[in-house]
$ cat query_18.cif   # mmCIF, C-alpha atoms
data_model
loop_
_atom_site.label_atom_id
_atom_site.label_comp_id
_atom_site.auth_asym_id
_atom_site.auth_seq_id
_atom_site.Cartn_x
_atom_site.Cartn_y
_atom_site.Cartn_z
CA MET B 1289 -29.78 124.78 73.43
CA PRO B 1290 -26.48 125.85 71.92
CA LYS B 1291 -25.12 124.14 68.83
CA VAL B 1292 -22.18 121.93 69.79
CA PHE B 1293 -19.09 121.53 67.64
CA ILE B 1294 -17.09 118.46 68.61
CA GLY B 1295 -13.69 117.16 67.64
CA ALA B 1296 -11.09 114.63 68.70
CA ASP B 1297 -7.83 113.09 67.65
CA HIS B 1298 -7.21 109.34 67.68
CA ARG B 1299 -6.84 109.24 71.47
CA GLY B 1300 -10.23 110.89 71.98
CA TYR B 1301 -12.00 109.35 69.00
CA ALA B 1302 -13.96 106.58 70.80
CA LEU B 1303 -15.17 108.94 73.54
CA LYS B 1304 -16.11 111.57 70.94
CA GLU B 1305 -18.27 109.08 69.10
CA ARG B 1306 -20.03 108.09 72.31
CA LEU B 1307 -20.44 111.71 73.46
CA LYS B 1308 -21.78 112.76 70.05
CA ALA B 1309 -24.55 110.14 70.30
CA TYR B 1310 -25.23 111.01 73.95
CA LEU B 1311 -25.66 114.73 73.21
CA GLY B 1312 -27.72 114.03 70.09
CA ASN B 1313 -30.08 111.89 72.16
CA LYS B 1314 -30.49 114.85 74.55
CA GLY B 1315 -31.60 117.07 71.67
CA PHE B 1316 -28.40 118.98 70.96
CA VAL B 1317 -27.41 119.75 67.39
CA VAL B 1318 -23.90 118.31 67.23
CA GLU B 1319 -21.56 119.03 64.34
CA ASP B 1320 -18.59 116.68 64.15
CA GLN B 1321 -15.34 118.29 62.96
CA GLY B 1322 -13.38 115.01 62.98
CA ALA B 1323 -11.55 112.77 63.33
CA PHE B 1324 -13.80 110.51 61.35
CA GLU B 1325 -11.73 107.40 61.97
CA GLU B 1326 -9.24 106.23 64.56
CA ASP B 1327 -5.87 106.96 62.94
CA PRO B 1328 -2.86 106.88 65.28
CA SER B 1329 -0.91 109.13 62.91
CA ASP B 1330 -3.36 112.06 63.06
CA ASP B 1331 -2.52 115.36 64.77
CA TYR B 1332 -4.77 117.12 67.30
CA PRO B 1333 -4.38 120.63 65.77
CA ASP B 1334 -6.18 119.36 62.66
CA PHE B 1335 -9.36 118.86 64.72
CA ALA B 1336 -9.03 121.55 67.40
CA LEU B 1337 -8.71 124.39 64.90
CA PRO B 1338 -11.96 123.73 62.97
CA VAL B 1339 -13.91 123.46 66.22
CA ALA B 1340 -12.40 126.67 67.58
CA ARG B 1341 -13.06 128.55 64.34
CA ALA B 1342 -16.65 127.30 64.24
CA VAL B 1343 -17.28 128.46 67.81
CA ALA B 1344 -15.64 131.83 67.14
CA SER B 1345 -17.94 132.37 64.15
CA ASP B 1346 -21.09 131.32 66.07
CA LEU B 1347 -20.87 132.92 69.50
CA ASP B 1348 -24.01 131.13 70.70
CA SER B 1349 -22.39 127.74 70.11
CA ARG B 1350 -20.04 125.68 72.24
CA GLY B 1351 -17.12 123.40 71.45
CA ILE B 1352 -15.99 120.14 72.99
CA LEU B 1353 -12.57 118.70 72.20
CA LEU B 1354 -11.09 115.38 73.25
CA CYS B 1355 -7.46 114.29 73.09
CA GLY B 1356 -5.21 112.31 75.40
CA SER B 1357 -4.56 115.03 77.98
CA GLY B 1358 -6.90 117.79 76.81
CA MET B 1359 -3.93 120.13 76.96
CA GLY B 1360 -2.81 120.17 73.33
CA MET B 1361 -6.30 120.86 72.08
CA ASP B 1362 -6.63 123.62 74.71
CA VAL B 1363 -3.50 125.35 73.43
CA VAL B 1364 -4.73 125.26 69.82
CA ALA B 1365 -8.28 126.44 70.63
CA ASN B 1366 -7.00 129.42 72.59
CA LYS B 1367 -5.08 130.66 69.54
CA VAL B 1368 -8.40 131.56 67.88
CA ARG B 1369 -9.71 135.04 68.64
CA GLY B 1370 -12.96 134.88 70.58
CA VAL B 1371 -12.38 131.42 71.98
CA ARG B 1372 -12.02 130.89 75.70
CA ALA B 1373 -11.03 127.26 76.22
CA THR B 1374 -9.92 125.31 79.24
CA VAL B 1375 -9.30 121.73 80.27
CA GLY B 1376 -12.25 120.39 82.22
CA TYR B 1377 -10.73 118.22 84.94
CA SER B 1378 -13.52 118.15 87.54
CA PRO B 1379 -17.16 119.15 87.89
CA GLU B 1380 -16.14 122.10 90.05
CA SER B 1381 -13.60 123.33 87.49
CA VAL B 1382 -16.15 123.21 84.67
CA ILE B 1383 -18.80 125.08 86.66
CA HIS B 1384 -16.27 127.72 87.74
CA ALA B 1385 -14.96 128.18 84.20
CA ARG B 1386 -18.45 128.67 82.78
CA LYS B 1387 -19.72 130.98 85.55
CA HIS B 1388 -16.61 133.13 85.89
CA ASP B 1389 -14.74 132.89 82.57
CA ASP B 1390 -17.60 132.25 80.14
CA ILE B 1391 -15.58 129.51 78.46
CA ASN B 1392 -17.03 128.45 75.14
CA VAL B 1393 -14.77 125.47 74.46
CA ILE B 1394 -13.96 122.66 76.86
CA THR B 1395 -11.18 120.18 76.31
CA LEU B 1396 -11.34 116.77 77.92
CA ALA B 1397 -8.65 114.18 78.64
CA ALA B 1398 -9.53 110.85 77.07
CA ASP B 1399 -6.57 109.19 78.78
CA VAL B 1400 -7.94 110.16 82.21
CA GLU B 1401 -11.73 110.42 81.94
CA ASN B 1402 -14.11 107.53 81.35
CA ALA B 1403 -17.33 107.83 79.33
CA ALA B 1404 -19.51 108.62 82.36
CA ASP B 1405 -17.10 111.36 83.46
CA VAL B 1406 -17.02 112.89 79.98
CA GLU B 1407 -20.81 112.89 79.78
CA ARG B 1408 -21.09 114.51 83.21
CA LEU B 1409 -18.53 117.21 82.42
CA ALA B 1410 -20.18 117.91 79.06
CA ASP B 1411 -23.58 118.18 80.75
CA LEU B 1412 -22.22 120.71 83.26
CA PHE B 1413 -20.44 122.67 80.53
CA LEU B 1414 -23.60 122.92 78.45
CA ALA B 1415 -26.00 123.58 81.35
CA THR B 1416 -24.03 126.16 83.33
CA SER B 1417 -24.55 129.81 82.46
CA PHE B 1418 -22.11 132.69 82.68
CA SER B 1419 -22.81 134.67 85.84
CA GLY B 1420 -22.65 138.04 84.11
CA GLU B 1421 -21.23 139.58 87.29
CA GLU B 1422 -19.52 142.92 86.68
CA ARG B 1423 -16.10 141.73 87.82
CA HIS B 1424 -16.20 138.80 85.38
CA VAL B 1425 -17.44 140.97 82.52
CA ARG B 1426 -14.64 143.45 83.27
CA ARG B 1427 -12.05 140.67 83.11
CA LEU B 1428 -13.41 139.31 79.85
CA LYS B 1429 -13.20 142.80 78.34
CA LYS B 1430 -9.52 142.87 79.32
CA ILE B 1431 -8.99 139.53 77.57
CA THR B 1432 -10.65 140.92 74.44
CA ALA B 1433 -8.37 143.96 74.61
CA ILE B 1434 -5.35 141.66 74.84
CA GLU B 1435 -6.58 139.76 71.77
CA ASP B 1436 -7.14 143.02 69.92
CA ASP B 1437 -3.64 144.21 70.76
CA ALA B 1438 -2.02 140.90 69.85
CA CYS B 1439 -3.82 140.79 66.50
CA SER B 1440 -3.08 144.36 65.44
#

$ encode --input "query_18.cif" --output "structure tokens"
Amino acid sequence: MPKVFIGADHRGYALKERLKAYLGNKGFVVEDQGAFEEDPSDDYPDFALPVARAVASDLDSRGILLCGSGMGMDVVANKVRGVRATVGYSPESVIHARKHDDINVITLAADVENAADVERLADLFLATSFSGEERHVRRLKKITAIEDDACS
């Protein structure tokens, strides 16, 4: 089982707390990167960045981020080299993103998803393996080359 880094802003805080307990009960090692309280004045980059950095430094791990739309956290996570994040908006999208794009961070929309939906999407994210198909590996190598070029 991969280690799971989890984070949320105030809009995702309640679902993060529930998901953290849910995953812990399933045997996952879950490391909470905040928020540690529901504070309406917090900012999602403050929680997305530590999760993304943790995942980038432990390539066997996964990250789960929750904010209102999932979109802001997605933008922040994708700024970190080695992170491939996407908004998980349906079971099919999560399975596709894992199999084809080898995403290692999923962002979820607390304003749209209920607790059962978040648990289901997290389960799919954590259980679905990358296909390893040549065409997908080739595409991921191109993404790495883009990162290398952008960071040089």

$ atom_distance --input "query_18.cif" --atom1 "CA of Thr1395 in chain B" --atom2 "CA of Phe1413 in chain B"
10.5 Å

$ residues_around --input "query_18.cif" --residues "Ser1329 in chain B" --least-positions-apart "3" --cutoff "10 Å" --atoms "all atoms listed in the file" --output "PyMOL selection string"
chain B and resi 1297-1298+1326+1332

$ write_last_selection --input "query_18.cif" --atoms "C-alpha atoms" --output "CSV table (one decimal), in the coordinates of the input"
chain,number,residue,atom,x,y,z
B,1297,ASP,CA,-7.8,113.1,67.6
B,1298,HIS,CA,-7.2,109.3,67.7
B,1326,GLU,CA,-9.2,106.2,64.6
B,1332,TYR,CA,-4.8,117.1,67.3

$ resolve_selection --input "query_18.cif" --expression "the PyMOL selection byres ((chain B and resi 1296) around 10)" --output "JSON, numbers by chain"
{"B": [1294, 1295, 1297, 1298, 1299, 1300, 1301, 1302, 1303, 1304, 1305, 1320, 1321, 1322, 1323, 1324, 1325, 1326, 1330, 1331, 1332, 1333, 1334, 1335, 1336, 1339, 1352, 1353, 1354, 1355, 1356, 1358, 1361, 1395, 1396, 1398]}

$ atom_distance --input "query_18.cif" --atom1 "CA of Ala1438 in chain B" --atom2 "CA of Asn1392 in chain B"
20.2 Å

$ closest_residue --input "query_18.cif" --among "B:His1384, B:Arg1408, B:Arg1350, B:Arg1306" --to "His1424 in chain B" --atoms "all atoms listed in the file"
B:His1384

$ residues_around --input "query_18.cif" --residues "Ala1344 in chain B" --least-positions-apart "4" --cutoff "10 Å" --atoms "all atoms listed in the file" --output "PyMOL selection string"
chain B and resi 1338-1340+1348-1351+1365+1368-1372+1392-1393

$ closest_residue --input "query_18.cif" --among "B:Asp1362, B:Asp1327, B:Asp1346, B:Asp1389" --to "Glu1422 in chain B" --atoms "all atoms listed in the file"
B:Asp1389

$ atom_distance --input "query_18.cif" --atom1 "CA of Glu1401 in chain B" --atom2 "CA of Ser1378 in chain B"
9.7 Å

$ closest_residue --input "query_18.cif" --among "B:Val1400, B:Leu1409, B:Val1425, B:Ala1373" --to "His1388 in chain B" --atoms "only C-alpha atoms"
B:Val1425

$ closest_residue --input "query_18.cif" --among "B:Asn1313, B:Asn1366, B:Ser1417, B:Ser1357" --to "Ile1431 in chain B" --atoms "all atoms listed in the file"
B:Asn1366

$ axis_aligned_box --input "query_18.cif" --around "range 1370-1374 of chain B" --padding-each-side "5 Å" --output "AutoDock Vina command-line options"
--center_x -11.4 --center_y 130.1 --center_z 74.9 --size_x 13.0 --size_y 19.6 --size_z 18.7

$ decode --input "query_18.cif" --residues "range 1300-1361 of chain B" --atoms "C-alpha atoms" --output "compact mmCIF listing (two decimals), in the first residue's frame"
# COMPACT_ATOMS: atom_id res chain seq x y z
CA GLY B 1300 -12.25 20.54 2.29
CA TYR B 1301 -11.34 20.24 5.96
CA ALA B 1302 -14.35 18.19 7.17
CA LEU B 1303 -14.10 15.71 4.28
CA LYS B 1304 -10.33 15.43 4.79
CA GLU B 1305 -10.81 14.48 8.41
CA ARG B 1306 -13.37 11.83 7.48
CA LEU B 1307 -11.25 10.49 4.60
CA LYS B 1308 -8.14 10.37 6.79
CA ALA B 1309 -9.96 8.12 9.29
CA TYR B 1310 -11.49 6.02 6.49
CA LEU B 1311 -8.12 5.35 4.85
CA GLY B 1312 -6.44 4.71 8.20
CA ASN B 1313 -9.08 2.09 9.00
CA LYS B 1314 -8.25 0.41 5.67
CA GLY B 1315 -4.60 0.12 6.69
CA PHE B 1316 -3.08 3.03 4.79
CA VAL B 1317 -0.38 5.14 6.39
CA VAL B 1318 -1.84 8.63 6.08
CA GLU B 1319 0.23 11.74 6.73
CA ASP B 1320 -1.84 14.89 7.21
CA GLN B 1321 -0.26 18.06 5.81
CA GLY B 1322 -3.04 20.34 7.10
CA ALA B 1323 -5.22 22.23 7.57
CA PHE B 1324 -5.43 21.23 11.17
CA GLU B 1325 -8.47 23.36 11.91
CA GLU B 1326 -11.31 24.87 9.91
CA ASP B 1327 -10.16 28.44 9.31
CA PRO B 1328 -12.07 30.36 6.62
CA SER B 1329 -9.10 32.69 6.11
CA ASP B 1330 -6.63 29.95 5.12
CA ASP B 1331 -5.27 29.60 1.57
CA TYR B 1332 -5.22 26.35 -0.41
CA PRO B 1333 -1.61 26.75 -1.69
CA ASP B 1334 -0.41 26.43 1.90
CA PHE B 1335 -1.68 22.82 2.00
CA ALA B 1336 -1.33 21.74 -1.63
CA LEU B 1337 2.38 22.54 -1.81
CA PRO B 1338 3.49 20.36 1.15
CA VAL B 1339 1.49 17.41 -0.18
CA ALA B 1340 2.92 17.82 -3.68
CA ARG B 1341 6.48 18.13 -2.37
CA ALA B 1342 6.04 15.06 -0.18
CA VAL B 1343 4.78 12.99 -3.12
CA ALA B 1344 7.58 14.24 -5.36
CA SER B 1345 10.15 13.15 -2.78
CA ASP B 1346 8.55 9.71 -2.27
CA LEU B 1347 7.60 8.41 -5.70
CA ASP B 1348 5.87 5.35 -4.23
CA SER B 1349 3.43 7.56 -2.33
CA ARG B 1350 0.21 9.24 -3.40
CA GLY B 1351 -1.42 12.55 -2.53
CA ILE B 1352 -5.04 13.51 -1.99
CA LEU B 1353 -6.08 17.15 -1.84
CA LEU B 1354 -9.48 18.62 -1.06
CA CYS B 1355 -10.68 22.17 -1.63
CA GLY B 1356 -13.93 23.68 -2.83
CA SER B 1357 -13.53 22.93 -6.54
CA GLY B 1358 -10.38 20.80 -6.57
CA MET B 1359 -9.05 23.13 -9.24
CA GLY B 1360 -6.89 25.48 -7.20
CA MET B 1361 -5.13 22.63 -5.45
